[in-house]
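Worksheet: the structure to be examined is printed underneath.
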Amino acid sequence: MNAGLFFTTLHRPPLARFTTRAESAQATEPKAAPQSIQMATKEAAQLKMQGFEAVIGIETHVQLSTVTKAFCSCPYNYGSQPNSTICPTCMGHPGTLPVLNEKVVECAVKLGLALNCEISMTSKFDRKQYFYPDLPKGYQISQFDIPIAKKGYIDLDLPMEFGGGHKKFGITRVHMEEDAGKLLHSDSGSYSQVDLNRAGVPLLEIVSEPDMRTGIEAAEYGAELQRIVRYLGVSNGNMQEGSLRCDVNVSVRPFGQSEFGTKILLHKEGQADQIVQETRLWDESSQKTFTMRKKEGLADYRYFPEPDLPEVVLNNDYIDEIHKSMPELPEAKRRRYENMGLSMQDVLFLANDDNVARFFDSTLEHGSDAKLAANWIMGDIAAYLKNEKLTIDEIKLSPLELSELIASIKNGTISGKIGKEASPYFVLILVELIANGGTVKAVIEEKDLVQIADPAAIEAMVDKVIADNPKQLEQYRAGKTKLQGFFAGQVMKASKGKANPVLLNKILGEKLNAN
Amino acid sequence: MPPPLQAHRLLISHRRLPTPARRRFSAVSSVQSPPAKTLAPGPATSSILSIRGSLLSGERTAAEITAEYLSRLRRTEPSVRSFIHVADSDAVREAEELDRRIASEGKDALGPLAGVLVGVKDNLCTANMPSTGGSRILEGYRPAYDATAVRRLREAGAIVVGKTNLDEFGMGSTTEGSAFQVTTNPWDESRVPGGSSGGSASAVSARQCVVSLGSDTGGSVRQPASFCGVVGLKPTYGRVSRFGLMAYASSLDVVGCFGSSVFDTATILSVVAGHDKMDSTSSSQNVPDYASELVPLDSLESKPLNGLRIGIIQETLGEGVDSGVASSIKAATSHLEQLGSVVSLPSFSLGLPAYYILASSEASSNLSRYDGIRYGRQVSADDLSELYGESRANGLGHEVKMRILMGTYALSAGYYDAYYKRAQQVRTLVQESFEDALKRFDILVSPAAPSAAYKIGEKINDPLAMYAGDIMTVNVNLAGLPALVVPCGFVEGGPAGLPVGLQMIGSPFSEEIAVCV
Ligand SMILES: [Zn+2]
């Protein structure tokens with residue numbers, strides 16, 4: 001279709017009256033969770049000092065990564081030319097009708113199951129009505145009183161740096177709906193244009209119970225939800241693209257009170273400590289919030305059942321099929337890793353990133369010891385990734401080779417650590433594998449990194465080190481036996497890390513203690 | 001001054017018709033002629049078959065047939081005003097194209113509706129013609145696509161001759177609610193053709209086209225069929241795709257058809273009916289060949305419809321119903337069956353208010369898209385709410401605004417339960433009482449309207465009186481049932497009497513039963 005036809009220009013001087021929602025879109029969409037949650041964290045901390053506690057509930061919109069939109073067959077690609085992926089249906093032309101994309105239902109059921117929800121065997125769509133230029137039909141197709149999933153919960157483990165601990169937050173509901181388009185405002189502010197590419201893109205809205213009390217809890221809730229949608233593959237969960245957006249509702253009450261106070265967000269009005277109900281926006285540049293809208297809850301959306309769509313009726317076979325197709329989710333992974341005897345620090349690191357978890361699991365499948373694999377992934381590999389700003393699936397090291405490497409250390413072919421330090425020799429091999437790939441064997445041969453396991457050769461090196469460090473030898477023999485580590489390090493250095501550490505320590509011990 | 005129009009003359013003088021039009025349709029006539037044995041005119045009077053026969057035999061070309069209709073259209077249109085848009089040059093071009101194809105590919109090139117001129121109600125989208133829904137807000141709007149019903153007609157070889165007038169977005173019962181013009185009744189040009197599909201009914205009645213498409217939300221096909229003395233069919237909800245039909249009340253809207261015979265009407269239904277993946281509420285039930293279910297007139301003479309159980313709806317012949325209408329219906333029914341049994345539908349009177357609440361509620365939502373932003377009339381304004389307000393205030397007519405307000409009110413928080421929800425409960429009651437009655441009867445009959453066509457302007461300032469005129473038809477929409485209206489007699493009025501239609505209501509997807517009666 002010709003974009004010029006509907007690329008609407010609104011000529012009017014001040015934007016103020018109807019840009020509010022657009023600003024909110026811009027402010028909450030990119031990086032929604034961390035921003036709004038930072039805000040909640042700050043506010044919650046202040047509240048605590050004043051004898052109040054925050055009661056936090058979160059509404060999250062997840063944009064589904066289906067091939068086509070929810071009710072028409074247009075594709076959606078973030079960032080494409082304005083009005084390039086639209087049709088009469090998602091433009092709300094006369095006579096057009098919605099036809100439900102079955103993938104949307106599949107994604108909704110997946111997420112509902114992942115959030116331990118009751119799935120509604122029969123649900124329906126409703127129309128949520130309001131006028132706005134980015135809403136082509138004058139109503140949004142959503143689900144009102146019968147969401148596809150409800151009454152679930154989310155399990156998560158708080159990060160160790162915030163004290164850790166297992167938490168369970170209630171999920172009120174998950175429902176399906178369609179996204180709206182976007183307004184593009186002119187620089188002069190004298191007109192706006194409508195881009196309907198996003199109109200009709202499927203969303204799942206997840207509403208939590210008001211179970212969170214701190215910003216950290218809210219942040220972890222958002223992070224866990226992001227992990228779940230990524231694990232399920234229902235969304236890319238990308239906050240910069242607006243694929244995951246959070247609206248954080250904060251209400252305030254004195255400690256010990258069970259009723260909720262005035263809804264939404266705390267705000268001190270002038271001198272009087274008056275609490276008003278309002279929506280505040282996070283401003284990224286100033287790292288502060290400011291008032292966007294007051295008196296929420298007055299809008300009447302005149303919901304009524306969408307007559308153009310039949311009810312969504314599911315059967316048990318369908319749900320079972322989806323259940324079976326679901327991958328292991330973060331919570332199950334964390335518990336499994338925990339049962340392997342890994343520390344919670346390790347568990348969170350490994351389980352909370354889909355790619356890392358997959359790498360780790362694959363390494364284990366090749367026979368590696370869990371603790372050793374965890375140590376290497378969290379240690380040198382993580383450090384490398386951080387340095388090079390890479391993700392684990394972008395490196396050349398394969399889980400198979402990592403497991404080979406670990407096996408080589410275990411069976412003594414190569415040295416892994418000296419004391420608590422990774423041996424430079426091992427790190428050399430590891431970095432070679434990460435950066436350039438190849439097999440452990442080939443790298444060792446190619447780089448002349450075969451371990452020195454000849455006792456005579458090691459003995460010669462030990463002798464030399466002892467001879468070169470008479471002062472330390474004297475101290476050692478005077479009872480400072482900790483210095484064995486120093487000698488071992490020196491020998492390892494001399495061998496360029498290639499000395500077999502077991503032999504080295506054995507020979508070194510004999511020499512040091514020989515009188 | 002256009003010459004005075006005598007519609008019945010036009011009908012009668014058509015030389016292709018073996019029987020005079022009024023005889024054809026009259027089971028009972030309060031004006032003249034003894035009752036015929038059956039209501040079904042049968043294939044013998046079908047204009048579609050007659051056109052097909054001419055093309056097959058080579059007696060006439062499609063271009064000649066089209067020229068004949070177009071010349072009559074040009075002659076009658078100044079007084080009837082059925083069409084908002086006439087696509088005469090397109091029609092001529094398509095007819096010539098068809099003739100060329102018949103010449104080169106032979107008779108096999110003939111689709112089932114080859115050379116049949118169709119009028120399409122202007123709330124059905126047509127890709128190459130304006131589609132306004134009778135509203136200023138869509139003045140000049142040209143859709144990017146054909147409605148499914150229109151596409152199927154074209155694929156069957158039909159030629160769309162133009163877009164017919166209607167009450168704005170289908171809201172009205174007289175076609176006076178069009179933003180563009182007032183259509184008159186071919187039987188008496190001082191009277192309304194009914195509505196909202198008044199243009200489609202009058203166009204067939206005045207033989208400006210062979211058949212036409214309309215839409216029926218609360219009687220918008222059946223009541224004008226009755227007023228204009230043509231056959232009107234409202235199929236089961238979901239029988240015909242609504243894709244491309246500008247929504248008025250989505251849960252009630254259905255695309256219907258008009259013809260000068262039951263056969264033609266049934267033929268059109270066979271073509272447009274059936275599942276459409278663009279309309280999730282369209283039914284996937286099989287579409288029978290409705291026309292073939294019809295028994296030829298001759299064989300009907302010897303086979304009275306004794307087996308069929310017919311019930312007259314008691315509530316439709318009482319107070320408020322014109323006595324001439326009531327007696328026409330009773331007489332017609334007695335000829336369908338020896339004894340017209342009477343059946344009572346207790347929830348009948350509840351249907352009208354429930355209908356107006358539900359239809360207005362859905363309309364208030366469906367018409368939100370006409371906001372002047374993406375297409376249609378946009379009034380230049382200083383801010384957004386003014387842009388919305390002025391575009392809609394200027395673009396939408398009085399009746400439409402009133403229904404939007406009613407619907408908005410009925411759906412508002414605090415009123416929803418008392419209005420919308422209650423009306424839905426009534427709807428269930430109405431459905432149940434029909435279901436119950438249709439267990440005992442194959443067909444329920446009633447008048448299509450409480451009176452024959454009334455004067456233009458008579459009810460324009462009395463919306464309640466106009467709404468009350470829909471009492472006969474709205475219940476059928478609430479129940480989603482199929483109903484056929486056939487002319488069954490006349491009452492006094494106009495230069496030659498005014499036609500009265502008999503409504504026959506069947507079970508869901510039993511169009512063939514109604515059609516073969
Ligand atoms: Zn689309």
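In the structure tokens, the first chain shown is A, the next is B, and so on; residue numbers restart at 1 for each chain, and ligands run from 1 in the order shown.
Taking only C-alpha atoms, the non-local environment of range 507-512 of chain A within 9 Å (same-chain residues fewer than 5 positions away omitted) comprises Pro455, Ile458, Glu459, Val462, Asp463, Ile466, Leu473, Tyr476, Arg477, Gln484, Phe487, Ala488, Val491 and Val502 of chain A.
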Could you save those same residues with all heavy atoms as a tab-separated table (two decimals), in the first residue's frame?
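Produced file selection_24.tsv, reproduced below:
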chain	number	residue	atom	x	y	z
A	455	PRO	N	60.59	-36.28	35.67
A	455	PRO	CA	61.03	-35.92	37.04
A	455	PRO	C	62.42	-35.29	37.03
A	455	PRO	O	62.66	-34.35	37.79
A	455	PRO	CB	61.03	-37.25	37.76
A	455	PRO	CG	60.15	-38.15	36.97
A	455	PRO	CD	60.26	-37.71	35.55
A	458	ILE	N	62.16	-31.66	35.97
A	458	ILE	CA	61.55	-30.85	37.03
A	458	ILE	C	62.55	-30.68	38.18
A	458	ILE	O	62.68	-29.58	38.72
A	458	ILE	CB	60.23	-31.50	37.50
A	458	ILE	CG1	59.20	-31.45	36.34
A	458	ILE	CG2	59.67	-30.80	38.73
A	458	ILE	CD1	57.92	-32.19	36.61
A	459	GLU	N	63.24	-31.76	38.51
A	459	GLU	CA	64.20	-31.70	39.62
A	459	GLU	C	65.26	-30.63	39.34
A	459	GLU	O	65.61	-29.85	40.23
A	459	GLU	CB	64.85	-33.06	39.80
A	459	GLU	CG	65.58	-33.17	41.13
A	459	GLU	CD	66.19	-34.56	41.34
A	459	GLU	OE1	65.73	-35.53	40.69
A	459	GLU	OE2	67.12	-34.65	42.16
A	462	VAL	N	63.77	-27.29	39.97
A	462	VAL	CA	63.59	-27.07	41.41
A	462	VAL	C	64.94	-26.71	42.05
A	462	VAL	O	65.02	-25.74	42.81
A	462	VAL	CB	62.98	-28.34	42.07
A	462	VAL	CG1	63.03	-28.23	43.60
A	462	VAL	CG2	61.53	-28.53	41.61
A	463	ASP	N	65.92	-27.47	41.70
A	463	ASP	CA	67.25	-27.20	42.26
A	463	ASP	C	67.69	-25.78	41.97
A	463	ASP	O	68.19	-25.07	42.83
A	463	ASP	CB	68.28	-28.18	41.66
A	463	ASP	CG	68.11	-29.57	42.26
A	463	ASP	OD1	67.47	-29.67	43.33
A	463	ASP	OD2	68.58	-30.55	41.63
A	466	ILE	N	65.71	-23.23	44.06
A	466	ILE	CA	66.14	-23.24	45.47
A	466	ILE	C	67.50	-22.55	45.60
A	466	ILE	O	67.69	-21.71	46.48
A	466	ILE	CB	66.18	-24.68	46.01
A	466	ILE	CG1	64.74	-25.22	46.14
A	466	ILE	CG2	66.89	-24.74	47.37
A	466	ILE	CD1	64.65	-26.67	46.56
A	473	LEU	N	64.68	-19.91	51.30
A	473	LEU	CA	64.93	-21.27	51.77
A	473	LEU	C	65.20	-21.27	53.28
A	473	LEU	O	64.65	-22.09	54.03
A	473	LEU	CB	66.11	-21.89	51.02
A	473	LEU	CG	66.46	-23.32	51.42
A	473	LEU	CD1	65.36	-24.28	50.96
A	473	LEU	CD2	67.80	-23.76	50.83
A	476	TYR	N	62.00	-20.72	55.07
A	476	TYR	CA	61.18	-21.93	55.02
A	476	TYR	C	61.63	-22.91	56.08
A	476	TYR	O	60.85	-23.43	56.85
A	476	TYR	CB	61.27	-22.57	53.63
A	476	TYR	CG	60.46	-23.85	53.50
A	476	TYR	CD1	59.11	-23.81	53.12
A	476	TYR	CD2	61.04	-25.09	53.80
A	476	TYR	CE1	58.37	-24.98	53.03
A	476	TYR	CE2	60.31	-26.27	53.72
A	476	TYR	CZ	58.97	-26.21	53.31
A	476	TYR	OH	58.22	-27.37	53.22
A	477	ARG	N	62.92	-23.08	56.09
A	477	ARG	CA	63.47	-24.09	57.02
A	477	ARG	C	63.33	-23.62	58.46
A	477	ARG	O	63.35	-24.42	59.39
A	477	ARG	CB	64.93	-24.38	56.67
A	477	ARG	CG	64.93	-25.15	55.32
A	477	ARG	CD	66.21	-25.82	55.00
A	477	ARG	NE	66.04	-26.69	53.84
A	477	ARG	CZ	66.98	-26.95	52.97
A	477	ARG	NH1	68.19	-26.44	53.11
A	477	ARG	NH2	66.74	-27.76	51.96
A	484	GLN	N	56.29	-22.68	50.45
A	484	GLN	CA	56.33	-23.69	49.40
A	484	GLN	C	55.62	-23.19	48.15
A	484	GLN	O	56.06	-23.44	47.04
A	484	GLN	CB	55.69	-25.01	49.87
A	484	GLN	CG	55.73	-26.04	48.74
A	484	GLN	CD	55.54	-27.47	49.22
A	484	GLN	OE1	55.50	-27.74	50.42
A	484	GLN	NE2	55.44	-28.39	48.29
A	487	PHE	N	57.91	-21.07	46.08
A	487	PHE	CA	58.85	-21.87	45.29
A	487	PHE	C	58.15	-22.55	44.11
A	487	PHE	O	58.66	-22.56	43.00
A	487	PHE	CB	59.54	-22.93	46.18
A	487	PHE	CG	60.58	-22.32	47.09
A	487	PHE	CD1	60.33	-22.14	48.44
A	487	PHE	CD2	61.81	-21.90	46.57
A	487	PHE	CE1	61.27	-21.57	49.27
A	487	PHE	CE2	62.76	-21.35	47.42
A	487	PHE	CZ	62.50	-21.16	48.77
A	488	ALA	N	56.97	-23.09	44.39
A	488	ALA	CA	56.22	-23.76	43.32
A	488	ALA	C	55.96	-22.79	42.17
A	488	ALA	O	56.12	-23.13	41.00
A	488	ALA	CB	54.91	-24.32	43.87
A	491	VAL	N	59.04	-22.18	40.11
A	491	VAL	CA	59.36	-23.32	39.25
A	491	VAL	C	58.40	-23.31	38.04
A	491	VAL	O	58.82	-23.48	36.90
A	491	VAL	CB	59.28	-24.67	40.01
A	491	VAL	CG1	59.54	-25.83	39.04
A	491	VAL	CG2	60.25	-24.68	41.16
A	502	VAL	N	51.69	-31.86	40.09
A	502	VAL	CA	51.75	-32.91	41.11
A	502	VAL	C	53.21	-33.32	41.36
A	502	VAL	O	53.69	-33.34	42.50
A	502	VAL	CB	50.90	-34.14	40.69
A	502	VAL	CG1	50.96	-35.22	41.76
A	502	VAL	CG2	49.46	-33.71	40.44
(message) Should the cut-off be 8 Å, what would the residue list for chain B against chain A look like, counting only C-alpha atoms, as a PyMOL selection string?
(response) chain B and resi 124-125+143-144+147+242-247+250-251+277-281+365-366+368-369+373-375+380-384+408+411-413
Kindly export the residues of the current selection with N, CA and C atoms, as a compact mmCIF listing (two decimals), in the first residue's frame.
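Saved the output as result.txt:
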# COMPACT_ATOMS: atom_id res chain seq x y z
N LEU B 124 -20.72 -2.08 1.32
CA LEU B 124 -19.85 -3.20 0.96
C LEU B 124 -18.70 -2.64 0.14
N CYS B 125 -17.49 -3.00 0.54
CA CYS B 125 -16.32 -2.42 -0.12
C CYS B 125 -16.13 -2.95 -1.53
N PRO B 143 -11.91 1.84 -1.28
CA PRO B 143 -11.21 0.77 -0.56
C PRO B 143 -10.12 0.14 -1.43
N ALA B 144 -9.20 -0.52 -0.75
CA ALA B 144 -8.11 -1.19 -1.46
C ALA B 144 -8.52 -2.60 -1.88
N ALA B 147 -15.04 -6.55 -0.99
CA ALA B 147 -15.65 -7.40 0.03
C ALA B 147 -15.73 -8.83 -0.52
N ARG B 242 -18.58 -11.49 6.29
CA ARG B 242 -18.78 -10.06 6.50
C ARG B 242 -17.54 -9.27 6.10
N PHE B 243 -16.51 -9.96 5.63
CA PHE B 243 -15.29 -9.24 5.28
C PHE B 243 -15.59 -8.24 4.17
N GLY B 244 -15.33 -7.00 4.44
CA GLY B 244 -15.62 -5.95 3.47
C GLY B 244 -16.96 -5.27 3.67
N LEU B 245 -17.72 -5.75 4.62
CA LEU B 245 -18.97 -5.09 4.99
C LEU B 245 -18.65 -4.11 6.12
N MET B 246 -18.92 -2.84 5.91
CA MET B 246 -18.64 -1.86 6.96
C MET B 246 -19.50 -2.20 8.17
N ALA B 247 -18.84 -2.50 9.27
CA ALA B 247 -19.56 -3.04 10.42
C ALA B 247 -20.49 -2.00 11.04
N SER B 250 -21.60 -5.91 14.67
CA SER B 250 -20.92 -7.11 14.16
C SER B 250 -21.61 -8.43 14.50
N SER B 251 -22.26 -8.50 15.65
CA SER B 251 -22.86 -9.78 16.04
C SER B 251 -24.23 -9.98 15.39
N LYS B 277 -11.75 -17.28 5.13
CA LYS B 277 -10.75 -17.22 6.19
C LYS B 277 -10.52 -15.80 6.69
N MET B 278 -11.03 -14.82 5.97
CA MET B 278 -10.90 -13.44 6.43
C MET B 278 -11.97 -13.05 7.45
N ASP B 279 -12.95 -13.93 7.66
CA ASP B 279 -14.00 -13.66 8.66
C ASP B 279 -14.12 -14.86 9.58
N SER B 280 -13.62 -14.71 10.80
CA SER B 280 -13.62 -15.83 11.75
C SER B 280 -15.01 -16.22 12.19
N THR B 281 -16.00 -15.34 11.95
CA THR B 281 -17.35 -15.69 12.36
C THR B 281 -18.13 -16.30 11.20
N SER B 365 -18.73 1.32 19.03
CA SER B 365 -17.36 0.83 18.94
C SER B 365 -16.90 0.73 17.48
N ASN B 366 -17.76 0.15 16.66
CA ASN B 366 -17.38 -0.07 15.25
C ASN B 366 -17.11 1.23 14.50
N SER B 368 -15.85 3.94 15.75
CA SER B 368 -14.73 4.73 16.30
C SER B 368 -13.62 4.92 15.28
N ARG B 369 -13.51 3.99 14.35
CA ARG B 369 -12.41 4.07 13.38
C ARG B 369 -12.59 5.25 12.43
N ILE B 373 -8.35 10.33 10.83
CA ILE B 373 -6.89 10.28 10.90
C ILE B 373 -6.28 9.62 9.66
N ARG B 374 -6.77 8.45 9.32
CA ARG B 374 -6.10 7.69 8.26
C ARG B 374 -6.76 7.79 6.90
N TYR B 375 -8.07 8.01 6.89
CA TYR B 375 -8.79 8.08 5.62
C TYR B 375 -10.08 8.85 5.87
N SER B 380 -9.49 20.22 9.49
CA SER B 380 -8.27 20.81 10.03
C SER B 380 -8.56 21.46 11.38
N ALA B 381 -7.69 21.19 12.35
CA ALA B 381 -7.98 21.65 13.71
C ALA B 381 -6.68 21.98 14.43
N ASP B 382 -6.81 22.67 15.57
CA ASP B 382 -5.63 23.11 16.30
C ASP B 382 -5.10 22.07 17.27
N ASP B 383 -5.95 21.19 17.72
CA ASP B 383 -5.42 20.13 18.57
C ASP B 383 -6.18 18.84 18.29
N LEU B 384 -5.74 17.80 18.95
CA LEU B 384 -6.25 16.48 18.60
C LEU B 384 -7.73 16.31 18.89
N THR B 408 -22.60 4.29 23.56
CA THR B 408 -21.55 4.68 24.48
C THR B 408 -22.09 4.68 25.91
N LEU B 411 -22.63 1.13 27.30
CA LEU B 411 -21.41 0.39 27.65
C LEU B 411 -20.62 1.04 28.77
N SER B 412 -21.08 2.18 29.25
CA SER B 412 -20.30 2.91 30.25
C SER B 412 -20.32 2.20 31.59
N ALA B 413 -19.23 2.41 32.31
CA ALA B 413 -19.11 1.81 33.63
C ALA B 413 -20.31 2.22 34.47
(request) Would you work out the distance separating CA of Asp371 in chain B from CA of Asp253 in chain B, expressed in Å to one decimal? (result) 21.9 Å
(request) May I have all residues of range 147-335 of chain B that DSSP, computed from the backbone, assigns to alpha helix (DSSP H), given as a VMD selection string? (result) chain B and resid 148 to 155 198 to 205 222 to 228 262 to 272 297 to 302 323 to 335
(message) Using DSSP secondary structure from the backbone, list all strand (DSSP E or B) positions within range 164-301 of chain B, as a PyMOL selection string.
(response) chain B and resi 164+185+188+191+211-216+231-234+240+245+254-259+273+276+279
Grab the residues selected above and save them as a PDB file, in the first residue's frame with N, CA and C atoms.
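Done, and the output landed in out_15.pdb:
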ATOM      1  N   THR B 164     -25.416   1.068  -4.271  1.00  0.00           N
ATOM      2  CA  THR B 164     -26.771   1.520  -3.976  1.00  0.00           C
ATOM      3  C   THR B 164     -26.851   2.298  -2.663  1.00  0.00           C
ATOM      4  N   ASN B 185     -39.651   4.923  -3.438  1.00  0.00           N
ATOM      5  CA  ASN B 185     -40.192   3.592  -3.664  1.00  0.00           C
ATOM      6  C   ASN B 185     -40.748   3.513  -5.087  1.00  0.00           C
ATOM      7  N   ASP B 188     -44.446   3.891  -5.527  1.00  0.00           N
ATOM      8  CA  ASP B 188     -45.056   5.198  -5.258  1.00  0.00           C
ATOM      9  C   ASP B 188     -43.932   6.126  -4.839  1.00  0.00           C
ATOM     10  N   ARG B 191     -43.242   7.685  -1.486  1.00  0.00           N
ATOM     11  CA  ARG B 191     -43.023   6.826  -0.315  1.00  0.00           C
ATOM     12  C   ARG B 191     -41.565   6.345  -0.221  1.00  0.00           C
ATOM     13  N   VAL B 211     -30.138  -8.362  -9.842  1.00  0.00           N
ATOM     14  CA  VAL B 211     -30.177  -8.731  -8.424  1.00  0.00           C
ATOM     15  C   VAL B 211     -29.305  -7.736  -7.673  1.00  0.00           C
ATOM     16  N   SER B 212     -29.349  -7.798  -6.347  1.00  0.00           N
ATOM     17  CA  SER B 212     -28.489  -6.873  -5.609  1.00  0.00           C
ATOM     18  C   SER B 212     -28.110  -7.460  -4.261  1.00  0.00           C
ATOM     19  N   LEU B 213     -27.037  -6.904  -3.718  1.00  0.00           N
ATOM     20  CA  LEU B 213     -26.608  -7.274  -2.366  1.00  0.00           C
ATOM     21  C   LEU B 213     -27.016  -6.175  -1.408  1.00  0.00           C
ATOM     22  N   GLY B 214     -27.431  -6.595  -0.233  1.00  0.00           N
ATOM     23  CA  GLY B 214     -27.721  -5.648   0.830  1.00  0.00           C
ATOM     24  C   GLY B 214     -27.079  -6.157   2.097  1.00  0.00           C
ATOM     25  N   SER B 215     -27.436  -5.550   3.212  1.00  0.00           N
ATOM     26  CA  SER B 215     -26.995  -6.101   4.486  1.00  0.00           C
ATOM     27  C   SER B 215     -28.160  -5.955   5.448  1.00  0.00           C
ATOM     28  N   ASP B 216     -28.232  -6.879   6.391  1.00  0.00           N
ATOM     29  CA  ASP B 216     -29.378  -6.940   7.291  1.00  0.00           C
ATOM     30  C   ASP B 216     -28.885  -7.070   8.721  1.00  0.00           C
ATOM     31  N   VAL B 231     -38.085 -10.045  -3.666  1.00  0.00           N
ATOM     32  CA  VAL B 231     -37.684 -11.101  -2.745  1.00  0.00           C
ATOM     33  C   VAL B 231     -36.418 -10.661  -2.024  1.00  0.00           C
ATOM     34  N   GLY B 232     -36.398 -10.813  -0.720  1.00  0.00           N
ATOM     35  CA  GLY B 232     -35.221 -10.444   0.067  1.00  0.00           C
ATOM     36  C   GLY B 232     -34.842 -11.580   0.982  1.00  0.00           C
ATOM     37  N   LEU B 233     -33.577 -11.896   1.021  1.00  0.00           N
ATOM     38  CA  LEU B 233     -33.129 -13.030   1.830  1.00  0.00           C
ATOM     39  C   LEU B 233     -32.084 -12.575   2.832  1.00  0.00           C
ATOM     40  N   LYS B 234     -32.393 -12.842   4.095  1.00  0.00           N
ATOM     41  CA  LYS B 234     -31.408 -12.620   5.156  1.00  0.00           C
ATOM     42  C   LYS B 234     -30.901 -13.995   5.569  1.00  0.00           C
ATOM     43  N   VAL B 240     -22.708 -15.892   5.209  1.00  0.00           N
ATOM     44  CA  VAL B 240     -21.964 -15.114   4.216  1.00  0.00           C
ATOM     45  C   VAL B 240     -20.889 -14.312   4.952  1.00  0.00           C
ATOM     46  N   LEU B 245     -17.716  -5.751   4.623  1.00  0.00           N
ATOM     47  CA  LEU B 245     -18.966  -5.090   4.991  1.00  0.00           C
ATOM     48  C   LEU B 245     -18.647  -4.113   6.121  1.00  0.00           C
ATOM     49  N   VAL B 254     -25.405  -9.210   8.653  1.00  0.00           N
ATOM     50  CA  VAL B 254     -25.242 -10.289   7.691  1.00  0.00           C
ATOM     51  C   VAL B 254     -25.488  -9.727   6.293  1.00  0.00           C
ATOM     52  N   VAL B 255     -24.708 -10.216   5.333  1.00  0.00           N
ATOM     53  CA  VAL B 255     -24.894  -9.788   3.945  1.00  0.00           C
ATOM     54  C   VAL B 255     -26.088 -10.550   3.385  1.00  0.00           C
ATOM     55  N   GLY B 256     -27.041  -9.831   2.782  1.00  0.00           N
ATOM     56  CA  GLY B 256     -28.234 -10.474   2.236  1.00  0.00           C
ATOM     57  C   GLY B 256     -28.385 -10.174   0.766  1.00  0.00           C
ATOM     58  N   CYS B 257     -29.398 -10.778   0.151  1.00  0.00           N
ATOM     59  CA  CYS B 257     -29.573 -10.554  -1.287  1.00  0.00           C
ATOM     60  C   CYS B 257     -31.021 -10.289  -1.688  1.00  0.00           C
ATOM     61  N   PHE B 258     -31.137  -9.574  -2.789  1.00  0.00           N
ATOM     62  CA  PHE B 258     -32.437  -9.232  -3.366  1.00  0.00           C
ATOM     63  C   PHE B 258     -32.525  -9.780  -4.775  1.00  0.00           C
ATOM     64  N   GLY B 259     -33.722 -10.206  -5.153  1.00  0.00           N
ATOM     65  CA  GLY B 259     -33.945 -10.616  -6.528  1.00  0.00           C
ATOM     66  C   GLY B 259     -35.416 -10.453  -6.844  1.00  0.00           C
ATOM     67  N   ALA B 273     -22.268 -17.365  -0.406  1.00  0.00           N
ATOM     68  CA  ALA B 273     -22.193 -18.036   0.900  1.00  0.00           C
ATOM     69  C   ALA B 273     -20.923 -18.863   1.028  1.00  0.00           C
ATOM     70  N   ASP B 276     -15.061 -18.078   4.899  1.00  0.00           N
ATOM     71  CA  ASP B 276     -14.041 -17.164   4.386  1.00  0.00           C
ATOM     72  C   ASP B 276     -12.999 -17.020   5.471  1.00  0.00           C
ATOM     73  N   ASP B 279     -12.950 -13.934   7.662  1.00  0.00           N
ATOM     74  CA  ASP B 279     -13.999 -13.656   8.656  1.00  0.00           C
ATOM     75  C   ASP B 279     -14.123 -14.863   9.583  1.00  0.00           C
TER      76      ASP B 279
END
(message) Please report the interatomic distance between CA of Ala452 in chain B and CA of Leu117 in chain B in Å with one decimal.
(response)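 Going from CA of Ala452 in chain B over to CA of Leu117 in chain B covers 27.5 Å.
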(message) I need the residue nearest Asp470 in chain B from this list: B:Ala363, B:Ala418, B:Met171, B:Val262. Use only C-alpha atoms for the distance.
(response)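 The closest residue to Asp470 in chain B is B:Met171.
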Quick one: residues within 12 Å of Ser190 in chain B, only C-alpha atoms, excluding same-chain residues fewer than 5 positions away - as a short mmCIF file (atom, residue, chain, number, x, y, z; two decimals) with C-alpha atoms, in the first residue's frame?
data_model
loop_
_atom_site.label_atom_id
_atom_site.label_comp_id
_atom_site.auth_asym_id
_atom_site.auth_seq_id
_atom_site.Cartn_x
_atom_site.Cartn_y
_atom_site.Cartn_z
CA PRO B 4 -43.74 9.95 -13.42
CA LEU B 5 -42.59 6.53 -12.53
CA GLN B 6 -44.83 3.54 -12.54
CA SER B 79 -36.90 9.68 -9.73
CA VAL B 80 -35.86 6.48 -7.91
CA VAL B 182 -33.32 10.12 -0.70
CA THR B 183 -34.33 7.02 -2.59
CA THR B 184 -37.99 6.62 -3.49
CA ASN B 185 -40.19 3.59 -3.66
CA ALA B 453 -44.30 1.62 2.64
CA TYR B 454 -45.07 4.94 4.28
CA LYS B 455 -44.56 8.49 3.09
CA ILE B 456 -41.15 10.09 2.81
CA GLY B 457 -40.69 12.33 5.82
CA GLU B 458 -43.49 10.66 7.76
CA GLY B 493 -52.11 3.02 -1.41
CA GLY B 494 -50.12 4.67 -4.14
CA PRO B 495 -51.12 4.58 -7.77
CA LEU B 498 -48.46 -1.19 -2.14
#
